[in-house]
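Asks: File follows, start.pdb with PDB, C-alpha atoms:
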```pdb
ATOM      1  CA  MET A   1       0.000   0.000   0.000
ATOM      2  CA  ARG A   2       2.788   2.393   0.938
ATOM      3  CA  PHE A   3       4.600   1.475  -2.262
ATOM      4  CA  ALA A   4       1.514   2.358  -4.342
ATOM      5  CA  VAL A   5       1.171   5.739  -2.613
ATOM      6  CA  LEU A   6       4.872   6.449  -3.080
ATOM      7  CA  LEU A   7       4.657   5.478  -6.759
ATOM      8  CA  SER A   8       1.662   7.766  -7.364
ATOM      9  CA  VAL A   9       3.461  10.681  -5.694
ATOM     10  CA  CYS A  10       6.545  10.167  -7.872
ATOM     11  CA  VAL A  11       4.431  10.008 -11.036
ATOM     12  CA  SER A  12       2.614  13.192 -10.012
ATOM     13  CA  LEU A  13       5.873  15.037  -9.357
ATOM     14  CA  ALA A  14       7.331  13.864 -12.658
ATOM     15  CA  THR A  15       4.208  14.977 -14.547
ATOM     16  CA  THR A  16       4.302  18.385 -12.839
ATOM     17  CA  SER A  17       7.990  18.784 -13.704
ATOM     18  CA  ILE A  18       7.347  17.939 -17.360
ATOM     19  CA  CYS A  19       4.438  20.387 -17.564
ATOM     20  CA  ASN A  20       6.483  23.146 -15.956
ATOM     21  CA  GLY A  21       9.291  22.566 -18.447
ATOM     22  CA  GLU A  22       7.016  22.563 -21.472
ATOM     23  CA  GLU A  23       8.163  24.853 -24.294
ATOM     24  CA  PHE A  24       5.824  26.360 -26.832
ATOM     25  CA  SER A  25       6.808  26.935 -30.424
ATOM     26  CA  GLN A  26       5.334  28.712 -33.460
ATOM     27  CA  VAL A  27       6.629  28.572 -37.046
ATOM     28  CA  ARG A  28       5.235  30.906 -39.715
ATOM     29  CA  ASN A  29       6.080  30.667 -43.410
ATOM     30  CA  LEU A  30       6.224  33.943 -45.319
ATOM     31  CA  SER A  31       5.499  34.912 -48.906
ATOM     32  CA  ALA A  32       8.109  36.429 -51.219
ATOM     33  CA  LEU A  33       9.324  39.737 -49.773
ATOM     34  CA  LYS A  34      10.674  42.994 -51.153
ATOM     35  CA  MET A  35      11.709  45.609 -48.605
ATOM     36  CA  GLY A  36      14.179  48.352 -47.743
ATOM     37  CA  ALA A  37      16.832  48.287 -45.027
ATOM     38  CA  THR A  38      14.951  50.852 -42.933
ATOM     39  CA  ASP A  39      11.810  48.709 -43.153
ATOM     40  CA  LEU A  40      13.680  45.684 -41.800
ATOM     41  CA  ASP A  41      15.280  47.851 -39.106
ATOM     42  CA  ALA A  42      11.850  48.827 -37.785
ATOM     43  CA  ILE A  43      10.830  45.147 -37.511
ATOM     44  CA  LEU A  44      14.086  44.175 -35.752
ATOM     45  CA  LEU A  45      13.737  47.003 -33.241
ATOM     46  CA  GLU A  46      10.121  46.072 -32.603
ATOM     47  CA  THR A  47      11.135  42.436 -32.072
ATOM     48  CA  HIS A  48      13.914  43.443 -29.670
ATOM     49  CA  ALA A  49      11.507  45.649 -27.698
ATOM     50  CA  PHE A  50       8.938  42.834 -27.501
ATOM     51  CA  ILE A  51      11.576  40.396 -26.179
ATOM     52  CA  ASP A  52      12.700  42.931 -23.546
ATOM     53  CA  GLY A  53       9.092  43.397 -22.468
ATOM     54  CA  ALA A  54       8.510  39.644 -22.180
ATOM     55  CA  ASN A  55      11.845  38.593 -20.636
ATOM     56  CA  GLY A  56      12.741  41.770 -18.776
ATOM     57  CA  PRO A  57      15.161  44.580 -19.699
ATOM     58  CA  GLU A  58      17.997  42.826 -17.848
ATOM     59  CA  ASP A  59      17.826  39.915 -20.281
ATOM     60  CA  SER A  60      21.229  39.055 -21.778
ATOM     61  CA  GLY A  61      20.273  36.704 -24.571
ATOM     62  CA  ARG A  62      22.564  36.009 -27.502
ATOM     63  CA  GLU A  63      21.706  37.752 -30.770
ATOM     64  CA  THR A  64      23.302  37.190 -34.172
ATOM     65  CA  VAL A  65      22.705  38.624 -37.624
ATOM     66  CA  LYS A  66      23.733  36.973 -40.897
ATOM     67  CA  VAL A  67      23.806  38.697 -44.270
ATOM     68  CA  SER A  68      24.326  36.865 -47.558
ATOM     69  CA  ILE A  69      26.398  38.962 -49.980
ATOM     70  CA  ASP A  70      27.517  37.522 -53.327
ATOM     71  CA  GLY A  71      27.068  33.966 -52.051
ATOM     72  CA  GLN A  72      29.074  34.572 -48.855
ATOM     73  CA  ASN A  73      27.475  34.600 -45.401
ATOM     74  CA  ILE A  74      28.710  37.359 -43.096
ATOM     75  CA  GLU A  75      27.895  36.772 -39.419
ATOM     76  CA  ILE A  76      27.652  39.621 -36.905
ATOM     77  CA  PRO A  77      27.607  38.347 -33.277
ATOM     78  CA  HIS A  78      25.201  40.992 -31.967
ATOM     79  CA  LEU A  79      22.062  42.835 -33.019
ATOM     80  CA  SER A  80      23.021  45.000 -35.968
ATOM     81  CA  LEU A  81      20.475  46.995 -37.916
ATOM     82  CA  ALA A  82      20.306  46.314 -41.636
ATOM     83  CA  SER A  83      20.914  49.957 -42.514
ATOM     84  CA  SER A  84      24.154  49.983 -40.477
ATOM     85  CA  VAL A  85      25.708  47.102 -42.446
ATOM     86  CA  ALA A  86      27.742  48.061 -45.497
ATOM     87  CA  PHE A  87      26.420  45.972 -48.359
ATOM     88  CA  PRO A  88      25.627  46.359 -52.068
ATOM     89  CA  ASN A  89      22.371  47.965 -53.051
ATOM     90  CA  GLU A  90      20.655  44.555 -53.144
ATOM     91  CA  VAL A  91      20.912  41.646 -50.707
ATOM     92  CA  PHE A  92      19.135  38.342 -51.242
ATOM     93  CA  GLY A  93      19.618  36.699 -47.839
ATOM     94  CA  PHE A  94      19.239  37.875 -44.235
ATOM     95  CA  SER A  95      18.718  36.116 -40.915
ATOM     96  CA  TYR A  96      18.355  37.165 -37.286
ATOM     97  CA  THR A  97      18.623  34.828 -34.291
ATOM     98  CA  TYR A  98      17.942  35.381 -30.587
ATOM     99  CA  TYR A  99      18.573  32.706 -27.945
ATOM    100  CA  GLN A 100      18.201  32.581 -24.171
ATOM    101  CA  VAL A 101      17.111  29.472 -22.254
ATOM    102  CA  ASP A 102      14.262  29.290 -19.728
ATOM    103  CA  LYS A 103      12.577  32.542 -20.685
ATOM    104  CA  PRO A 104       9.045  33.445 -21.824
ATOM    105  CA  ILE A 105      10.673  34.078 -25.212
ATOM    106  CA  SER A 106      13.690  31.788 -25.424
ATOM    107  CA  SER A 107      14.324  31.667 -29.160
ATOM    108  CA  VAL A 108      13.505  33.819 -32.180
ATOM    109  CA  THR A 109      14.683  33.055 -35.705
ATOM    110  CA  ILE A 110      13.934  35.218 -38.732
ATOM    111  CA  ASP A 111      15.256  33.474 -41.833
ATOM    112  CA  LEU A 112      14.772  35.346 -45.119
ATOM    113  CA  GLY A 113      16.140  33.850 -48.328
ATOM    114  CA  ASP A 114      15.338  32.899 -51.885
ATOM    115  CA  SER A 115      14.093  29.378 -51.137
ATOM    116  CA  LEU A 116      12.820  29.838 -47.567
ATOM    117  CA  ARG A 117      11.234  32.706 -45.656
ATOM    118  CA  GLN A 118      10.317  31.686 -42.162
ATOM    119  CA  VAL A 119       9.730  33.092 -38.686
ATOM    120  CA  SER A 120      10.199  30.749 -35.725
ATOM    121  CA  VAL A 121       9.459  31.692 -32.094
ATOM    122  CA  SER A 122       9.665  29.471 -29.012
ATOM    123  CA  GLY A 123       9.562  29.960 -25.266
ATOM    124  CA  ASP A 124       7.982  29.037 -21.948
ATOM    125  CA  SER A 125       4.994  31.364 -22.386
ATOM    126  CA  GLY A 126       2.510  30.218 -24.991
ATOM    127  CA  ASP A 127       0.739  33.586 -25.079
ATOM    128  CA  GLN A 128       3.964  35.540 -25.633
ATOM    129  CA  VAL A 129       5.153  33.117 -28.321
ATOM    130  CA  GLU A 130       1.829  33.342 -30.151
ATOM    131  CA  ALA A 131       1.726  37.145 -29.865
ATOM    132  CA  LEU A 132       5.265  37.677 -31.196
ATOM    133  CA  SER A 133       4.924  35.220 -34.095
ATOM    134  CA  THR A 134       1.610  36.816 -35.114
ATOM    135  CA  LEU A 135       3.137  40.296 -34.865
ATOM    136  CA  LEU A 136       6.102  39.341 -37.062
ATOM    137  CA  GLN A 137       3.890  37.687 -39.656
ATOM    138  CA  LYS A 138       1.703  40.797 -39.788
ATOM    139  CA  ASP A 139       4.708  43.121 -40.125
ATOM    140  CA  PHE A 140       6.310  41.135 -42.960
ATOM    141  CA  ARG A 141       2.997  40.733 -44.774
ATOM    142  CA  ARG A 142       3.089  44.445 -45.630
ATOM    143  CA  PHE A 143       6.128  43.803 -47.857
ATOM    144  CA  ALA A 144       4.890  40.616 -49.534
ATOM    145  CA  THR A 145       4.979  40.372 -53.323
ATOM    146  CA  ALA A 146       2.693  38.357 -55.561
ATOM    147  CA  ALA A 147       5.446  36.277 -57.173
ATOM    148  CA  GLY A 148       8.976  35.199 -56.339
ATOM    149  CA  GLY A 149      11.147  32.456 -54.967
ATOM    150  CA  VAL A 150      12.838  29.321 -56.290
ATOM    151  CA  LYS A 151       9.689  27.180 -56.443
ATOM    152  CA  PHE A 152       7.658  29.840 -58.251
ATOM    153  CA  ARG A 153      10.399  30.453 -60.832
ATOM    154  CA  ARG A 154      10.860  26.738 -61.537
ATOM    155  CA  VAL A 155       7.158  26.027 -62.032
ATOM    156  CA  ALA A 156       6.533  29.190 -64.061
ATOM    157  CA  GLY A 157       9.721  28.705 -66.079
ATOM    158  CA  VAL A 158       8.905  25.122 -67.066
ATOM    159  CA  CYS A 159       5.297  25.974 -67.988
ATOM    160  CA  LEU A 160       6.219  29.071 -70.011
ATOM    161  CA  SER A 161       9.119  27.338 -71.761
ATOM    162  CA  MET A 162       6.888  24.481 -72.874
ATOM    163  CA  LEU A 163       4.176  26.920 -73.928
ATOM    164  CA  PHE A 164       6.427  29.119 -76.067
ATOM    165  CA  LEU A 165       8.371  26.188 -77.501
ATOM    166  CA  THR A 166       5.170  24.388 -78.523
ATOM    167  CA  SER A 167       3.794  27.616 -79.971
ATOM    168  CA  LEU A 168       7.042  28.155 -81.901
ATOM    169  CA  MET A 169       6.879  24.721 -83.535
ATOM    170  CA  ILE A 170       3.170  24.936 -84.397
ATOM    171  CA  SER A 171       3.291  28.545 -85.650
ATOM    172  CA  SER A 172       6.416  27.835 -87.739
ATOM    173  CA  ALA A 173       4.653  24.928 -89.416
ATOM    174  CA  TYR A 174       1.550  27.079 -89.939
ATOM    175  CA  TYR A 175       3.594  29.845 -91.547
ATOM    176  CA  TRP A 176       5.425  27.378 -93.779
ATOM    177  CA  ASN A 177       2.167  25.927 -95.070
ATOM    178  CA  ASN A 178       0.385  29.253 -95.657
ATOM    179  CA  ARG A 179       3.318  31.487 -96.646
ATOM    180  CA  ASN A 180       1.405  34.525 -95.352
ATOM    181  CA  ARG A 181       3.649  37.311 -94.110
ATOM    182  CA  ARG A 182       1.082  38.268 -91.473
ATOM    183  CA  THR A 183       1.440  34.843 -89.865
ATOM    184  CA  LEU A 184       5.173  35.413 -89.462
ATOM    185  CA  GLY A 185       4.410  37.334 -86.266
ATOM    186  CA  MET A 186       3.373  34.131 -84.481
ATOM    187  CA  PRO A 187       6.753  32.332 -84.660
ATOM    188  CA  ILE A 188       8.579  35.631 -84.016
ATOM    189  CA  CYS A 189       6.570  36.328 -80.836
ATOM    190  CA  SER A 190       6.973  32.708 -79.752
ATOM    191  CA  ALA A 191      10.753  32.890 -80.234
ATOM    192  CA  ILE A 192      10.986  36.215 -78.365
ATOM    193  CA  GLY A 193       8.959  34.834 -75.458
ATOM    194  CA  PHE A 194      11.079  31.668 -75.307
ATOM    195  CA  LEU A 195      14.311  33.714 -75.276
ATOM    196  CA  LEU A 196      12.948  36.000 -72.551
ATOM    197  CA  VAL A 197      12.207  32.987 -70.359
ATOM    198  CA  LEU A 198      15.713  31.567 -70.906
ATOM    199  CA  LEU A 199      17.913  34.680 -70.886
ATOM    200  CA  VAL A 200      16.360  37.152 -68.447
ATOM    201  CA  PRO A 201      17.942  36.800 -64.952
ATOM    202  CA  TRP A 202      14.668  36.004 -63.200
ATOM    203  CA  ASN A 203      16.518  35.043 -60.014
ATOM    204  CA  ARG A 204      17.304  38.756 -59.580
ATOM    205  CA  PHE A 205      13.955  40.030 -60.839
ATOM    206  CA  LEU A 206      11.745  37.518 -59.003
ATOM    207  CA  PRO A 207      13.701  36.549 -55.869
ATOM    208  CA  GLY A 208      12.110  35.054 -52.802
ATOM    209  CA  PHE A 209      13.628  37.862 -50.752
ATOM    210  CA  ILE A 210      15.350  41.090 -51.690
ATOM    211  CA  LEU A 211      16.588  43.822 -49.365
ATOM    212  CA  TYR A 212      17.428  47.237 -50.756
ATOM    213  CA  GLU A 213      19.945  49.480 -49.038
ATOM    214  CA  ARG A 214      18.019  52.309 -50.636
ATOM    215  CA  TYR A 215      15.307  52.477 -53.246
ATOM    216  CA  SER A 216      16.425  53.726 -56.649
ATOM    217  CA  PRO A 217      14.987  57.136 -57.606
ATOM    218  CA  PHE A 218      14.695  56.050 -61.246
ATOM    219  CA  PHE A 219      11.339  54.631 -62.296
ATOM    220  CA  LEU A 220      12.735  52.181 -64.866
ATOM    221  CA  VAL A 221      15.321  50.795 -62.437
ATOM    222  CA  ARG A 222      12.729  50.314 -59.701
ATOM    223  CA  HIS A 223      10.293  48.551 -61.999
ATOM    224  CA  VAL A 224      12.583  46.361 -64.129
ATOM    225  CA  PRO A 225      10.840  43.138 -62.932
ATOM    226  CA  GLU A 226       7.422  44.517 -63.864
ATOM    227  CA  ILE A 227       8.704  45.735 -67.243
ATOM    228  CA  SER A 228      10.244  42.329 -68.013
ATOM    229  CA  PHE A 229       6.997  40.624 -67.084
ATOM    230  CA  LEU A 230       5.004  42.979 -69.329
ATOM    231  CA  ALA A 231       7.394  42.190 -72.199
ATOM    232  CA  LEU A 232       6.703  38.499 -71.640
ATOM    233  CA  VAL A 233       2.948  39.128 -71.639
ATOM    234  CA  ALA A 234       3.270  41.224 -74.831
ATOM    235  CA  ALA A 235       5.153  38.394 -76.564
ATOM    236  CA  PHE A 236       2.474  35.925 -75.523
ATOM    237  CA  ALA A 237      -0.365  38.248 -76.605
ATOM    238  CA  GLY A 238       1.329  38.800 -79.980
ATOM    239  CA  ILE A 239       0.773  35.153 -80.937
ATOM    240  CA  PRO A 240      -3.070  35.187 -81.089
ATOM    241  CA  VAL A 241      -3.057  38.771 -82.420
ATOM    242  CA  SER A 242      -0.894  37.709 -85.373
ATOM    243  CA  TYR A 243      -3.158  34.742 -86.003
ATOM    244  CA  PHE A 244      -6.372  36.814 -86.092
ATOM    245  CA  LEU A 245      -4.756  39.441 -88.300
ATOM    246  CA  SER A 246      -3.848  36.766 -90.803
ATOM    247  CA  ARG A 247      -7.403  35.393 -90.683
ATOM    248  CA  ASN A 248      -8.909  38.837 -91.306
ATOM    249  CA  GLU A 249      -6.669  39.399 -94.305
ATOM    250  CA  ARG A 250      -7.799  36.108 -95.805
TER     251      ARG A 250
END
```
Would you mind writing the file out in structure tokens?

Replies:
Amino acid sequence: MRFAVLLSVCVSLATTSICNGEEFSQVRNLSALKMGATDLDAILLETHAFIDGANGPEDSGRETVKVSIDGQNIEIPHLSLASSVAFPNEVFGFSYTYYQVDKPISSVTIDLGDSLRQVSVSGDSGDQVEALSTLLQKDFRRFATAAGGVKFRRVAGVCLSMLFLTSLMISSAYYWNNRNRRTLGMPICSAIGFLLVLLVPWNRFLPGFILYERYSPFFLVRHVPEISFLALVAAFAGIPVSYFLSRNER
């Protein structure tokens, strides 16, 4: 009887210890992002202030910042604002990490890159973890773009390449059979579209993440991705337009 009571007490203490040591975690995936250094600075400062409020101003957690420049990762072993780091006008990778054990907020990771954009928060307080992860997701959502990233470029690239290549073969055969100069626009537009898909550096125009040191004052420079996309749409639209023009002439 005493053994059973002792066993139940031990199980209860062990269960209580496990519950007290439970850590909560939240992971949020982000869309493709385009933002300036000052925009990222505001989010980092807000994150730092939230951690201080949750853990206390005397908190001495470890913070690191990593910046990817020309394929090389530069690590800074403390919180450093994006605008204070000397880097080229465009950066395609950035990460921030905070770590301190046994705190309401014990770990924060902001990983922004071409293939992955993710916010991860963990800690002993479920409410604080949920609040910070939701806040970060909301802040980054303001800089989300409709298209970008490795997966998007691969899927879109394969589909568009097959589309333009198929159109090029069919329209070339159609022109050869009809010998109508108005139908020549179809293979020309197909070839232009296919070359745009292959030759334009879409990894720079449609990245998963891009950080600008400063926004260019020139309209054309700022909107090169949009202009390239419109050129692709124009090449695609030229195919049916050329076909209907040839039909009207006949």

Asks: With the cut-off set at 9 Å and counting all atoms listed in the file, tabulate each residue of range 140-187 of chain A with an atom at most that distance from an atom of range 28-52 of chain A, showing the nearest atom pair and its distance in Å to one decimal, ordered by chain and increasing number, as CSV.

Replies:
```
residue,atom,partner,partner_atom,distance
A:Phe140,CA,A:Leu30,CA,7.6
A:Arg141,CA,A:Leu30,CA,7.5
A:Arg142,CA,A:Leu33,CA,8.8
A:Phe143,CA,A:Leu33,CA,5.5
A:Ala144,CA,A:Leu33,CA,4.5
A:Thr145,CA,A:Ala32,CA,5.5
A:Ala146,CA,A:Ala32,CA,7.2
A:Ala147,CA,A:Ala32,CA,6.5
A:Gly148,CA,A:Ala32,CA,5.3
A:Gly149,CA,A:Ala32,CA,6.2
```

Asks: Considering all atoms listed in the file, return as a PyMOL selection string whatever protein or nucleic-acid residues lie within 7 Å of range 120-130 of chain A, sequence-local ones (same chain, fewer than 5 positions apart) excluded.

Replies: chain A and resi 22-28+102-110

Asks: Using all atoms listed in the file, find all polymer residues with an atom at most 7 Å away from the point (28.6, 40.8, -40.1); report them as a list in words.

Replies: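 Residues with an atom at most 7 Å from (28.6, 40.8, -40.1): Val65, Lys66, Val67, Ile74, Glu75 and Ile76 of chain A.
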
Asks: Which is closest to Tyr96 in chain A among A:Asn180, A:Gln118, A:Ser171, A:Glu63, if we use only C-alpha atoms?

Replies: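 Residue with the minimum atom-to-atom distance to Tyr96 in chain A: A:Glu63.
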
Asks: Between CA of Pro225 in chain A and CA of Leu196 in chain A, measure the distance and give it in Å to one decimal.

Replies: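 Between CA of Pro225 in chain A and CA of Leu196 in chain A the gap is 12.2 Å.
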
Asks: Could you work out how far CA of Ser115 in chain A lies from CA of Leu198 in chain A, giving the answer in Å with one decimal?

Replies: 20.0 Å

Asks: Calculated over only C-alpha atoms, which of the candidates A:Asn89, A:Ser242, A:Thr97, A:Asn55 has the smallest distance to Ser190 in chain A?

Replies: A:Ser242

Asks: From the options A:Ile192, A:Ile210, A:Val241, A:Leu230, which residue's atoms come nearest to Ser161 in chain A, counting only C-alpha atoms?

Replies: A:Ile192

Asks: Would you mind reading off the distance between CA of Trp176 in chain A and CA of Val158 in chain A, one decimal, in Å?

Replies: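 Separation between CA of Trp176 in chain A and CA of Val158 in chain A: 27.0 Å.
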
Asks: When the PyMOL selection byres ((chain A and resi 197) around 12) is applied to the file above, which residues end up in the set, as a ChimeraX atom specification?

Replies: /A:153-165,190-196,198-203,205,228-229,231-233,235-236

Asks: Centre and edge lengths, as lines of an AutoDock Vina configuration file, for the axis-aligned box enclosing every listed atom of range 145-164 of chain A with 4 Å of padding on each of the six sides, in Å to one decimal?

Replies:
```
center_x = 7.8
center_y = 32.4
center_z = -64.7
size_x = 18.1
size_y = 23.9
size_z = 30.7
```

Asks: Which protein, DNA or RNA residues have an atom at most 6 Å from (19.8, 48.6, -50.3), counting all atoms listed in the file? List them as a PDB file with C-alpha atoms, in the frame of the given file.

Replies:
```
ATOM      1  CA  ASN A  89      22.371  47.965 -53.051  1.00  0.00           C
ATOM      2  CA  GLU A  90      20.655  44.555 -53.144  1.00  0.00           C
ATOM      3  CA  LEU A 211      16.588  43.822 -49.365  1.00  0.00           C
ATOM      4  CA  TYR A 212      17.428  47.237 -50.756  1.00  0.00           C
ATOM      5  CA  GLU A 213      19.945  49.480 -49.038  1.00  0.00           C
ATOM      6  CA  ARG A 214      18.019  52.309 -50.636  1.00  0.00           C
TER       7      ARG A 214
END
```
